[in-house]
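**Q** Sharing protein_33.txt here; it has compact mmCIF, C-alpha atoms and all ligand atoms.
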```txt
# COMPACT_ATOMS: atom_id res chain seq x y z
CA MET R 107 -92.99 -46.37 5.34
CA ALA R 108 -94.12 -49.72 4.05
CA ASN R 109 -92.61 -52.17 1.61
CA ILE R 110 -92.53 -51.40 -2.07
CA PHE R 111 -92.35 -54.23 -4.60
CA MET R 112 -91.95 -53.87 -8.34
CA ARG R 113 -94.82 -55.18 -10.44
CA PHE R 114 -94.84 -55.79 -14.17
CA PRO R 115 -97.24 -54.14 -16.67
CA GLY R 116 -100.85 -54.42 -15.55
CA GLY R 117 -99.69 -54.93 -11.97
CA LYS R 118 -98.66 -58.54 -12.65
CA ALA R 119 -96.15 -60.12 -10.27
CA LYS R 120 -94.75 -62.67 -12.76
CA ALA R 121 -92.95 -62.37 -16.09
CA LEU R 122 -91.67 -65.04 -18.44
CA THR R 123 -89.18 -64.83 -21.29
CA LEU R 124 -87.30 -67.23 -23.58
CA SER R 125 -83.85 -67.00 -25.19
CA TYR R 126 -82.81 -69.21 -28.11
CA ASP R 127 -79.65 -68.75 -30.15
CA ASP R 128 -77.90 -69.54 -33.44
CA GLY R 129 -80.75 -68.73 -35.85
CA VAL R 130 -81.52 -72.27 -36.98
CA GLU R 131 -84.38 -73.72 -39.02
CA GLN R 132 -86.01 -75.30 -35.94
CA ASP R 133 -86.68 -71.77 -34.65
CA ILE R 134 -89.61 -71.69 -37.12
CA GLN R 135 -91.36 -74.51 -35.25
CA LEU R 136 -90.42 -73.02 -31.88
CA ILE R 137 -91.93 -69.64 -32.82
CA ASP R 138 -95.13 -71.43 -33.92
CA ILE R 139 -95.37 -73.05 -30.49
CA MET R 140 -94.55 -69.80 -28.69
CA ASN R 141 -97.10 -67.78 -30.63
CA LYS R 142 -99.79 -70.42 -30.15
CA HIS R 143 -99.42 -70.13 -26.37
CA GLY R 144 -98.65 -66.41 -26.16
CA LEU R 145 -94.99 -66.78 -25.18
CA LYS R 146 -92.40 -64.18 -26.07
CA GLY R 147 -88.66 -64.30 -26.29
CA THR R 148 -85.45 -63.46 -28.02
CA PHE R 149 -83.51 -65.04 -30.89
CA ASN R 150 -79.77 -64.43 -31.06
CA LEU R 151 -78.29 -64.41 -34.55
CA ASN R 152 -74.75 -64.55 -36.00
CA SER R 153 -75.15 -62.33 -39.04
CA GLY R 154 -71.67 -63.27 -40.29
CA LEU R 155 -72.61 -66.95 -40.56
CA TYR R 156 -75.70 -66.86 -42.77
CA PRO R 157 -75.27 -69.62 -45.35
CA ASP R 158 -75.68 -68.90 -49.07
CA GLU R 159 -79.23 -68.81 -50.39
CA GLY R 160 -80.26 -72.22 -51.65
CA VAL R 161 -77.92 -74.01 -49.26
CA VAL R 162 -78.52 -77.77 -49.10
CA TYR R 163 -77.51 -79.46 -45.87
CA PRO R 164 -76.29 -83.08 -45.82
CA GLN R 165 -78.76 -85.71 -44.62
CA GLY R 166 -78.87 -85.79 -40.83
CA HIS R 167 -77.28 -82.35 -40.39
CA VAL R 168 -79.15 -80.84 -37.46
CA HIS R 169 -77.54 -77.41 -37.03
CA ARG R 170 -79.20 -75.91 -40.11
CA ARG R 171 -78.65 -72.16 -39.99
CA LEU R 172 -81.23 -70.00 -41.73
CA THR R 173 -80.10 -67.90 -44.70
CA ALA R 174 -80.38 -64.12 -44.42
CA LYS R 175 -83.63 -64.19 -46.40
CA GLN R 176 -85.11 -67.03 -44.33
CA ALA R 177 -84.07 -65.29 -41.11
CA LYS R 178 -85.90 -62.15 -42.16
CA GLU R 179 -89.02 -64.16 -43.02
CA THR R 180 -88.83 -66.05 -39.74
CA TYR R 181 -88.21 -63.30 -37.20
CA LEU R 182 -89.48 -60.05 -38.74
CA ASN R 183 -93.07 -59.48 -37.58
CA SER R 184 -92.92 -62.70 -35.52
CA GLY R 185 -93.55 -60.73 -32.33
CA GLN R 186 -90.18 -61.95 -31.07
CA GLU R 187 -86.96 -60.01 -30.49
CA VAL R 188 -83.83 -60.34 -32.61
CA ALA R 189 -80.55 -59.84 -30.77
CA ILE R 190 -76.85 -60.36 -31.41
CA HIS R 191 -74.78 -63.48 -30.80
CA ALA R 192 -71.52 -62.00 -32.20
CA LEU R 193 -70.72 -61.93 -35.91
CA THR R 194 -69.12 -65.40 -36.15
CA HIS R 195 -69.84 -67.20 -32.84
CA PRO R 196 -66.28 -67.08 -31.40
CA TYR R 197 -64.99 -67.56 -27.87
CA LEU R 198 -65.01 -63.79 -27.31
CA GLU R 199 -62.86 -63.84 -24.19
CA GLN R 200 -60.00 -65.38 -26.21
CA LEU R 201 -59.89 -62.60 -28.80
CA PRO R 202 -57.94 -59.32 -28.95
CA THR R 203 -60.20 -56.47 -27.86
CA ASN R 204 -60.38 -54.79 -31.27
CA ILE R 205 -61.64 -58.02 -32.80
CA VAL R 206 -64.25 -58.34 -30.04
CA VAL R 207 -65.39 -54.82 -30.94
CA ASN R 208 -65.77 -55.89 -34.56
CA GLU R 209 -67.68 -59.06 -33.62
CA ILE R 210 -70.18 -57.07 -31.56
CA ILE R 211 -70.67 -53.85 -33.45
CA LYS R 212 -70.81 -55.47 -36.92
CA ASP R 213 -73.40 -58.02 -35.79
CA ARG R 214 -75.44 -55.23 -34.25
CA GLU R 215 -75.17 -53.03 -37.34
CA ASN R 216 -76.04 -55.91 -39.70
CA LEU R 217 -79.11 -56.96 -37.73
CA GLU R 218 -80.32 -53.39 -37.35
CA ALA R 219 -80.10 -52.93 -41.14
CA GLN R 220 -81.68 -56.32 -41.85
CA PHE R 221 -84.62 -55.93 -39.47
CA GLY R 222 -85.07 -52.16 -39.55
CA THR R 223 -84.86 -51.76 -35.78
CA ILE R 224 -82.53 -50.93 -32.89
CA VAL R 225 -80.76 -54.00 -31.50
CA ARG R 226 -79.41 -53.89 -27.94
CA GLY R 227 -79.57 -57.49 -26.71
CA MET R 228 -77.03 -60.29 -26.74
CA ALA R 229 -76.32 -63.87 -25.74
CA TYR R 230 -72.68 -64.94 -25.33
CA PRO R 231 -71.53 -67.55 -27.88
CA PHE R 232 -70.72 -70.68 -25.83
CA GLY R 233 -71.76 -68.67 -22.78
CA THR R 234 -68.18 -67.50 -22.21
CA PHE R 235 -67.13 -63.96 -21.35
CA SER R 236 -64.61 -61.85 -19.44
CA ASP R 237 -64.53 -58.42 -17.83
CA ALA R 238 -62.81 -57.07 -20.96
CA VAL R 239 -65.64 -58.40 -23.16
CA VAL R 240 -68.21 -56.81 -20.86
CA GLU R 241 -66.43 -53.45 -21.26
CA VAL R 242 -66.69 -53.79 -25.05
CA LEU R 243 -70.43 -54.51 -24.79
CA LYS R 244 -70.93 -51.34 -22.76
CA ALA R 245 -69.04 -49.30 -25.35
CA CYS R 246 -71.17 -50.86 -28.11
CA GLY R 247 -74.44 -49.92 -26.40
CA ILE R 248 -75.47 -53.48 -25.53
CA ALA R 249 -78.03 -53.43 -22.70
CA TYR R 250 -77.94 -57.06 -21.63
CA ALA R 251 -75.99 -60.25 -22.43
CA ARG R 252 -77.07 -63.72 -21.39
CA THR R 253 -74.67 -66.26 -19.94
CA VAL R 254 -75.44 -70.00 -19.61
CA ILE R 255 -75.54 -69.83 -15.82
CA SER R 256 -78.76 -71.27 -14.37
CA THR R 257 -80.07 -70.08 -11.03
CA ASN R 258 -83.04 -72.45 -10.74
CA ASP R 259 -84.96 -69.53 -9.30
CA PHE R 260 -86.95 -66.49 -10.42
CA ARG R 261 -84.69 -63.65 -9.31
CA ILE R 262 -84.78 -60.26 -10.98
CA PRO R 263 -81.41 -59.68 -12.69
CA LYS R 264 -79.06 -57.05 -11.34
CA ASP R 265 -75.98 -57.49 -13.56
CA TRP R 266 -77.57 -57.38 -17.00
CA LEU R 267 -74.30 -57.82 -18.88
CA ARG R 268 -73.73 -61.09 -17.01
CA LEU R 269 -77.35 -62.12 -17.20
CA THR R 270 -78.26 -65.46 -15.63
CA ALA R 271 -81.16 -67.71 -16.62
CA THR R 272 -83.66 -69.68 -14.57
CA CYS R 273 -82.79 -72.90 -16.42
CA HIS R 274 -82.17 -74.65 -19.73
CA HIS R 275 -85.14 -76.51 -21.20
CA ASN R 276 -83.33 -79.83 -20.62
CA SER R 277 -83.01 -79.17 -16.89
CA PRO R 278 -84.49 -81.96 -14.77
CA GLU R 279 -85.93 -79.12 -12.67
CA LEU R 280 -87.95 -77.63 -15.56
CA ASN R 281 -91.32 -79.04 -14.56
CA ASN R 282 -90.87 -78.34 -10.85
CA LEU R 283 -89.87 -74.78 -11.60
CA ALA R 284 -92.82 -74.29 -13.96
CA LYS R 285 -95.21 -75.61 -11.33
CA LYS R 286 -93.75 -73.37 -8.63
CA PHE R 287 -93.83 -70.38 -10.97
CA VAL R 288 -97.48 -70.92 -11.85
CA GLU R 289 -98.75 -71.93 -8.41
CA ASP R 290 -96.89 -69.59 -6.07
CA LYS R 291 -98.81 -66.58 -4.91
CA VAL R 292 -96.30 -63.73 -5.12
CA THR R 293 -96.64 -61.23 -2.32
CA ARG R 294 -93.11 -59.84 -2.21
CA ALA R 295 -90.37 -59.59 -4.87
CA PRO R 296 -91.69 -60.33 -8.37
CA TYR R 297 -90.84 -63.51 -10.27
CA LEU R 298 -89.01 -63.73 -13.60
CA PHE R 299 -88.85 -67.11 -15.36
CA TYR R 300 -86.00 -67.02 -17.89
CA LEU R 301 -85.76 -70.12 -20.08
CA TRP R 302 -82.94 -70.72 -22.59
CA GLY R 303 -81.80 -73.32 -25.07
CA HIS R 304 -81.29 -74.09 -28.77
CA SER R 305 -84.26 -75.19 -30.84
CA TYR R 306 -82.16 -77.78 -32.76
CA GLU R 307 -81.77 -79.65 -29.47
CA PHE R 308 -85.47 -80.61 -29.72
CA GLU R 309 -84.69 -82.34 -33.01
CA ILE R 310 -81.55 -84.06 -31.69
CA LYS R 311 -83.38 -85.43 -28.65
CA ASN R 312 -86.66 -85.81 -30.50
CA ASN R 313 -88.38 -84.11 -27.56
CA TRP R 314 -90.42 -81.23 -28.94
CA HIS R 315 -93.04 -82.25 -26.37
CA VAL R 316 -90.82 -80.68 -23.66
CA ILE R 317 -91.39 -77.18 -24.98
CA GLU R 318 -94.94 -77.87 -26.16
CA ASP R 319 -95.95 -79.08 -22.69
CA PHE R 320 -94.14 -76.18 -21.03
CA ALA R 321 -95.77 -73.60 -23.33
CA GLN R 322 -99.20 -75.11 -22.88
CA TYR R 323 -98.83 -75.13 -19.10
CA VAL R 324 -97.33 -71.66 -18.53
CA GLY R 325 -98.80 -69.91 -21.56
CA ASN R 326 -101.88 -67.73 -22.02
CA ARG R 327 -102.35 -66.91 -18.33
CA ASP R 328 -103.76 -63.61 -17.10
CA ASP R 329 -101.31 -63.19 -14.22
CA ILE R 330 -98.09 -63.60 -16.25
CA TRP R 331 -96.46 -60.93 -18.40
CA TYR R 332 -95.00 -62.56 -21.52
CA ALA R 333 -92.23 -60.39 -22.92
CA THR R 334 -89.03 -60.42 -24.91
CA ASN R 335 -85.71 -59.98 -23.11
CA ILE R 336 -85.40 -56.31 -24.10
CA GLU R 337 -88.98 -55.54 -23.07
CA ILE R 338 -88.22 -56.87 -19.61
CA TYR R 339 -84.91 -55.01 -19.46
CA ASP R 340 -86.54 -51.73 -20.52
CA TYR R 341 -89.40 -52.09 -18.06
CA ILE R 342 -87.14 -52.85 -15.08
CA ASP R 343 -84.78 -50.06 -16.12
CA ALA R 344 -87.70 -47.60 -16.13
CA TYR R 345 -88.92 -48.94 -12.76
CA ASN R 346 -85.46 -48.37 -11.30
CA ARG R 347 -85.63 -44.74 -12.38
CA LEU R 348 -88.71 -43.96 -10.26
CA ILE R 349 -87.92 -41.11 -7.90
CA PHE R 350 -89.34 -41.20 -4.33
CA SER R 351 -89.43 -38.44 -1.74
CA VAL R 352 -87.60 -39.25 1.50
CA ASN R 353 -90.84 -40.04 3.34
CA GLY R 354 -91.94 -42.22 0.42
CA LYS R 355 -95.08 -40.18 -0.10
CA TYR R 356 -94.39 -38.68 -3.48
CA VAL R 357 -93.34 -40.65 -6.53
CA ASN R 358 -92.23 -39.31 -9.89
CA ASN R 359 -92.00 -41.45 -13.01
CA PRO R 360 -89.56 -39.68 -15.34
CA SER R 361 -89.71 -42.48 -17.91
CA ALA R 362 -91.84 -42.72 -21.05
CA ARG R 363 -93.88 -45.72 -19.86
CA THR R 364 -96.49 -46.54 -17.23
CA ILE R 365 -94.99 -48.28 -14.19
CA TRP R 366 -96.65 -50.48 -11.56
CA PHE R 367 -95.63 -51.37 -8.02
CA GLU R 368 -97.21 -52.84 -4.93
CA TYR R 369 -97.41 -50.65 -1.85
CA LYS R 370 -99.26 -51.57 1.36
CA GLY R 371 -100.87 -54.47 -0.46
CA LYS R 372 -102.28 -52.26 -3.19
CA ILE R 373 -101.23 -52.04 -6.83
CA ILE R 374 -100.15 -48.50 -7.67
CA GLU R 375 -99.99 -47.37 -11.28
CA ILE R 376 -97.99 -44.32 -12.28
CA ALA R 377 -98.22 -42.95 -15.80
CA ALA R 378 -95.27 -41.76 -17.86
CA GLY R 379 -94.01 -38.39 -16.62
CA ASP R 380 -96.43 -38.26 -13.67
CA MET R 381 -95.90 -37.35 -10.02
CA ILE R 382 -98.33 -38.93 -7.57
CA GLU R 383 -98.93 -39.06 -3.84
CA ILE R 384 -99.24 -42.55 -2.33
ZN ZN U 401 -74.84 -70.15 -30.00
```
For this file, produce the structure as structure tokens.
Ligand SMILES: [Zn+2]
**A**
Amino acid sequence: MANIFMRFPGGKAKALTLSYDDGVEQDIQLIDIMNKHGLKGTFNLNSGLYPDEGVVYPQGHVHRRLTAKQAKETYLNSGQEVAIHALTHPYLEQLPTNIVVNEIIKDRENLEAQFGTIVRGMAYPFGTFSDAVVEVLKACGIAYARTVISTNDFRIPKDWLRLTATCHHNSPELNNLAKKFVEDKVTRAPYLFYLWGHSYEFEIKNNWHVIEDFAQYVGNRDDIWYATNIEIYDYIDAYNRLIFSVNGKYVNNPSARTIWFEYKGKIIEIAAGDMIEI
């Protein structure tokens, strides 16, 4: 028996995803930058906080939430994922459980109706959570929920309802991590670069170049899989469902997608529903 290492679609050893929350006007510019460089990610929306259509923000107001109509125009068909951020952006761990249920399930139901899709992702408002909140997410069918904990590494998540990130875009480590991510030759466990932030922060700090430079450097590369949060979750979930014989010779892929892994230095591809001998 030799080592087996997960690989992403196409046999790639690296994946990159972004996560930006609150559904603000600056997301429009961020999505432009992401799409220009082939980056994918997830936008977490509070469907209970859409301002009225025609809202006019005071001069200098940076946290300009998109209206429901603008949000639809911005995210639908953008190639990016829409996910929940709770209905009204509360400190969830402070609330009675029934109100947490309402915050989660209503936001999910609203976004599913608005975008005509199934929504299973989440980012915690303020990054705060508790075991009781996690139990509610499970009951509401939420697959993953991002915290604001940075690992400064490229680990593959295990606890998806307490999902950690690689770093925030303001991290002093951003450029070092990007360089390591791009330059390392991955021969063992795969790399996931998970970047998070808020797009209005680029306006506050007047530093859009941070994300432009990052996107230009890490984007449009053949050896990186660019995917939304849920695409990465679903792929890893399917990988984890591969069934191996005891001697490791036979592999069955019971999932509905092609899966890749590295075995004895070779990339093995196993189609949906197949059983192969390796
Ligand atoms: Zn937020």
**Q** With distances taken over only C-alpha atoms, which of R:Leu280, R:Ile137, R:Ala121, R:Ile190 is nearest to Tyr339 (chain R)?
**A**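 Under the stated criterion, the closest residue is R:Ala121.
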**Q** Closest to Asp329 (chain R) among R:Ala377, R:Glu241, R:Asp290, R:Ile110, using all atoms listed in the file?
**A**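 Closest residue, counting all atoms listed in the file: R:Asp290.
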**Q** Please indicate the distance in Å from CA of Arg226 (chain R) to CA of Thr148 (chain R), rounded to one decimal place.
**A**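 Those two atoms sit 11.3 Å apart.
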**Q** Give the residues close to ligand ZN 401 (chain U), within 9 Å, counting only C-alpha atoms and all ligand atoms; write them as number ranges by chain.
**A** R: 126-129, 150-152, 191, 195, 229-233, 304
**Q** For a quick check of understanding, using all atoms listed in the file, which of R:Gly379, R:Pro263, R:Gly185, R:Pro196 has the smallest distance to Lys142 (chain R)?
**A**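 Ranked by minimum distance to Lys142 (chain R), first place goes to R:Gly185.
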**Q** Give me, as a VMD selection string, all polymer residues having an atom no more than 12 Å from Glu337 (chain R), counting all atoms listed in the file and skipping those fewer than 6 positions away in the same chain.
**A** chain R and resid 114 to 115 121 to 124 146 to 148 185 to 188 225 to 227 249 to 250 331 343 to 344 363
**Q** So which one's closest to Asn326 (chain R), R:Arg113, R:His143, R:Lys311, R:Lys372? Using all atoms listed in the file, please.
**A**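 The closest residue to Asn326 (chain R) is R:His143.
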**Q** Which one is closest to Phe320 (chain R): R:Leu348, R:Ala378, R:Ala251, R:Leu301? Count all atoms listed in the file.
**A**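 The answer is R:Leu301, which sits nearest to Phe320 (chain R).
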**Q** Please rebuild region 175-200 of chain R with N, CA, C and O atoms and give the result as a PDB file, in the frame of the given file.
**A**
```pdb
ATOM      1  N   LYS R 175     -82.247 -64.382 -45.951  1.00  0.00           N
ATOM      2  CA  LYS R 175     -83.630 -64.190 -46.400  1.00  0.00           C
ATOM      3  C   LYS R 175     -84.599 -64.960 -45.502  1.00  0.00           C
ATOM      4  O   LYS R 175     -85.635 -64.444 -45.084  1.00  0.00           O
ATOM      5  N   GLN R 176     -84.246 -66.210 -45.206  1.00  0.00           N
ATOM      6  CA  GLN R 176     -85.110 -67.030 -44.330  1.00  0.00           C
ATOM      7  C   GLN R 176     -85.197 -66.427 -42.933  1.00  0.00           C
ATOM      8  O   GLN R 176     -86.256 -66.467 -42.295  1.00  0.00           O
ATOM      9  N   ALA R 177     -84.071 -65.881 -42.448  1.00  0.00           N
ATOM     10  CA  ALA R 177     -84.070 -65.290 -41.110  1.00  0.00           C
ATOM     11  C   ALA R 177     -85.035 -64.114 -41.058  1.00  0.00           C
ATOM     12  O   ALA R 177     -85.825 -63.974 -40.114  1.00  0.00           O
ATOM     13  N   LYS R 178     -84.999 -63.302 -42.114  1.00  0.00           N
ATOM     14  CA  LYS R 178     -85.900 -62.150 -42.160  1.00  0.00           C
ATOM     15  C   LYS R 178     -87.356 -62.625 -42.148  1.00  0.00           C
ATOM     16  O   LYS R 178     -88.195 -62.107 -41.397  1.00  0.00           O
ATOM     17  N   GLU R 179     -87.654 -63.630 -42.961  1.00  0.00           N
ATOM     18  CA  GLU R 179     -89.020 -64.160 -43.020  1.00  0.00           C
ATOM     19  C   GLU R 179     -89.459 -64.743 -41.673  1.00  0.00           C
ATOM     20  O   GLU R 179     -90.615 -64.654 -41.277  1.00  0.00           O
ATOM     21  N   THR R 180     -88.501 -65.359 -40.989  1.00  0.00           N
ATOM     22  CA  THR R 180     -88.830 -66.050 -39.740  1.00  0.00           C
ATOM     23  C   THR R 180     -89.055 -65.090 -38.572  1.00  0.00           C
ATOM     24  O   THR R 180     -90.007 -65.248 -37.815  1.00  0.00           O
ATOM     25  N   TYR R 181     -88.173 -64.114 -38.426  1.00  0.00           N
ATOM     26  CA  TYR R 181     -88.210 -63.300 -37.200  1.00  0.00           C
ATOM     27  C   TYR R 181     -88.920 -61.954 -37.359  1.00  0.00           C
ATOM     28  O   TYR R 181     -89.508 -61.462 -36.400  1.00  0.00           O
ATOM     29  N   LEU R 182     -88.843 -61.362 -38.571  1.00  0.00           N
ATOM     30  CA  LEU R 182     -89.480 -60.050 -38.740  1.00  0.00           C
ATOM     31  C   LEU R 182     -90.988 -60.230 -38.597  1.00  0.00           C
ATOM     32  O   LEU R 182     -91.571 -61.124 -39.192  1.00  0.00           O
ATOM     33  N   ASN R 183     -91.616 -59.396 -37.815  1.00  0.00           N
ATOM     34  CA  ASN R 183     -93.070 -59.480 -37.580  1.00  0.00           C
ATOM     35  C   ASN R 183     -93.499 -60.766 -36.868  1.00  0.00           C
ATOM     36  O   ASN R 183     -94.675 -61.125 -36.899  1.00  0.00           O
ATOM     37  N   SER R 184     -92.563 -61.476 -36.255  1.00  0.00           N
ATOM     38  CA  SER R 184     -92.920 -62.700 -35.520  1.00  0.00           C
ATOM     39  C   SER R 184     -93.418 -62.370 -34.121  1.00  0.00           C
ATOM     40  O   SER R 184     -93.931 -63.233 -33.420  1.00  0.00           O
ATOM     41  N   GLY R 185     -93.221 -61.109 -33.704  1.00  0.00           N
ATOM     42  CA  GLY R 185     -93.550 -60.730 -32.330  1.00  0.00           C
ATOM     43  C   GLY R 185     -92.399 -61.014 -31.378  1.00  0.00           C
ATOM     44  O   GLY R 185     -92.481 -60.722 -30.193  1.00  0.00           O
ATOM     45  N   GLN R 186     -91.326 -61.588 -31.908  1.00  0.00           N
ATOM     46  CA  GLN R 186     -90.180 -61.950 -31.070  1.00  0.00           C
ATOM     47  C   GLN R 186     -89.030 -60.963 -31.323  1.00  0.00           C
ATOM     48  O   GLN R 186     -88.999 -60.297 -32.348  1.00  0.00           O
ATOM     49  N   GLU R 187     -88.089 -60.920 -30.372  1.00  0.00           N
ATOM     50  CA  GLU R 187     -86.960 -60.010 -30.490  1.00  0.00           C
ATOM     51  C   GLU R 187     -85.788 -60.672 -31.214  1.00  0.00           C
ATOM     52  O   GLU R 187     -85.526 -61.860 -31.011  1.00  0.00           O
ATOM     53  N   VAL R 188     -85.100 -59.893 -32.027  1.00  0.00           N
ATOM     54  CA  VAL R 188     -83.830 -60.340 -32.610  1.00  0.00           C
ATOM     55  C   VAL R 188     -82.709 -59.636 -31.867  1.00  0.00           C
ATOM     56  O   VAL R 188     -82.782 -58.438 -31.605  1.00  0.00           O
ATOM     57  N   ALA R 189     -81.676 -60.411 -31.510  1.00  0.00           N
ATOM     58  CA  ALA R 189     -80.550 -59.840 -30.770  1.00  0.00           C
ATOM     59  C   ALA R 189     -79.252 -60.457 -31.290  1.00  0.00           C
ATOM     60  O   ALA R 189     -79.275 -61.433 -32.049  1.00  0.00           O
ATOM     61  N   ILE R 190     -78.124 -59.894 -30.854  1.00  0.00           N
ATOM     62  CA  ILE R 190     -76.850 -60.360 -31.410  1.00  0.00           C
ATOM     63  C   ILE R 190     -76.329 -61.592 -30.675  1.00  0.00           C
ATOM     64  O   ILE R 190     -76.734 -61.910 -29.551  1.00  0.00           O
ATOM     65  N   HIS R 191     -75.416 -62.288 -31.366  1.00  0.00           N
ATOM     66  CA  HIS R 191     -74.780 -63.480 -30.800  1.00  0.00           C
ATOM     67  C   HIS R 191     -73.312 -63.485 -31.244  1.00  0.00           C
ATOM     68  O   HIS R 191     -72.687 -64.528 -31.327  1.00  0.00           O
ATOM     69  N   ALA R 192     -72.829 -62.274 -31.584  1.00  0.00           N
ATOM     70  CA  ALA R 192     -71.520 -62.000 -32.200  1.00  0.00           C
ATOM     71  C   ALA R 192     -71.553 -62.404 -33.676  1.00  0.00           C
ATOM     72  O   ALA R 192     -72.332 -63.252 -34.084  1.00  0.00           O
ATOM     73  N   LEU R 193     -70.698 -61.757 -34.451  1.00  0.00           N
ATOM     74  CA  LEU R 193     -70.720 -61.930 -35.910  1.00  0.00           C
ATOM     75  C   LEU R 193     -70.488 -63.384 -36.318  1.00  0.00           C
ATOM     76  O   LEU R 193     -71.183 -63.909 -37.182  1.00  0.00           O
ATOM     77  N   THR R 194     -69.517 -64.052 -35.682  1.00  0.00           N
ATOM     78  CA  THR R 194     -69.120 -65.400 -36.150  1.00  0.00           C
ATOM     79  C   THR R 194     -69.054 -66.444 -35.028  1.00  0.00           C
ATOM     80  O   THR R 194     -68.350 -67.454 -35.154  1.00  0.00           O
ATOM     81  N   HIS R 195     -69.753 -66.211 -33.917  1.00  0.00           N
ATOM     82  CA  HIS R 195     -69.840 -67.200 -32.840  1.00  0.00           C
ATOM     83  C   HIS R 195     -68.487 -67.646 -32.288  1.00  0.00           C
ATOM     84  O   HIS R 195     -68.209 -68.847 -32.120  1.00  0.00           O
ATOM     85  N   PRO R 196     -67.592 -66.695 -31.965  1.00  0.00           N
ATOM     86  CA  PRO R 196     -66.280 -67.080 -31.400  1.00  0.00           C
ATOM     87  C   PRO R 196     -66.315 -67.169 -29.873  1.00  0.00           C
ATOM     88  O   PRO R 196     -67.296 -66.761 -29.239  1.00  0.00           O
ATOM     89  N   TYR R 197     -65.223 -67.702 -29.316  1.00  0.00           N
ATOM     90  CA  TYR R 197     -64.990 -67.560 -27.870  1.00  0.00           C
ATOM     91  C   TYR R 197     -64.475 -66.128 -27.681  1.00  0.00           C
ATOM     92  O   TYR R 197     -63.279 -65.862 -27.836  1.00  0.00           O
ATOM     93  N   LEU R 198     -65.355 -65.214 -27.339  1.00  0.00           N
ATOM     94  CA  LEU R 198     -65.010 -63.790 -27.310  1.00  0.00           C
ATOM     95  C   LEU R 198     -63.871 -63.480 -26.351  1.00  0.00           C
ATOM     96  O   LEU R 198     -63.028 -62.624 -26.624  1.00  0.00           O
ATOM     97  N   GLU R 199     -63.858 -64.183 -25.213  1.00  0.00           N
ATOM     98  CA  GLU R 199     -62.860 -63.840 -24.190  1.00  0.00           C
ATOM     99  C   GLU R 199     -61.443 -64.215 -24.626  1.00  0.00           C
ATOM    100  O   GLU R 199     -60.476 -63.805 -23.990  1.00  0.00           O
ATOM    101  N   GLN R 200     -61.312 -64.975 -25.715  1.00  0.00           N
ATOM    102  CA  GLN R 200     -60.000 -65.380 -26.210  1.00  0.00           C
ATOM    103  C   GLN R 200     -59.443 -64.395 -27.242  1.00  0.00           C
ATOM    104  O   GLN R 200     -58.289 -64.504 -27.653  1.00  0.00           O
TER     105      GLN R 200
END
```
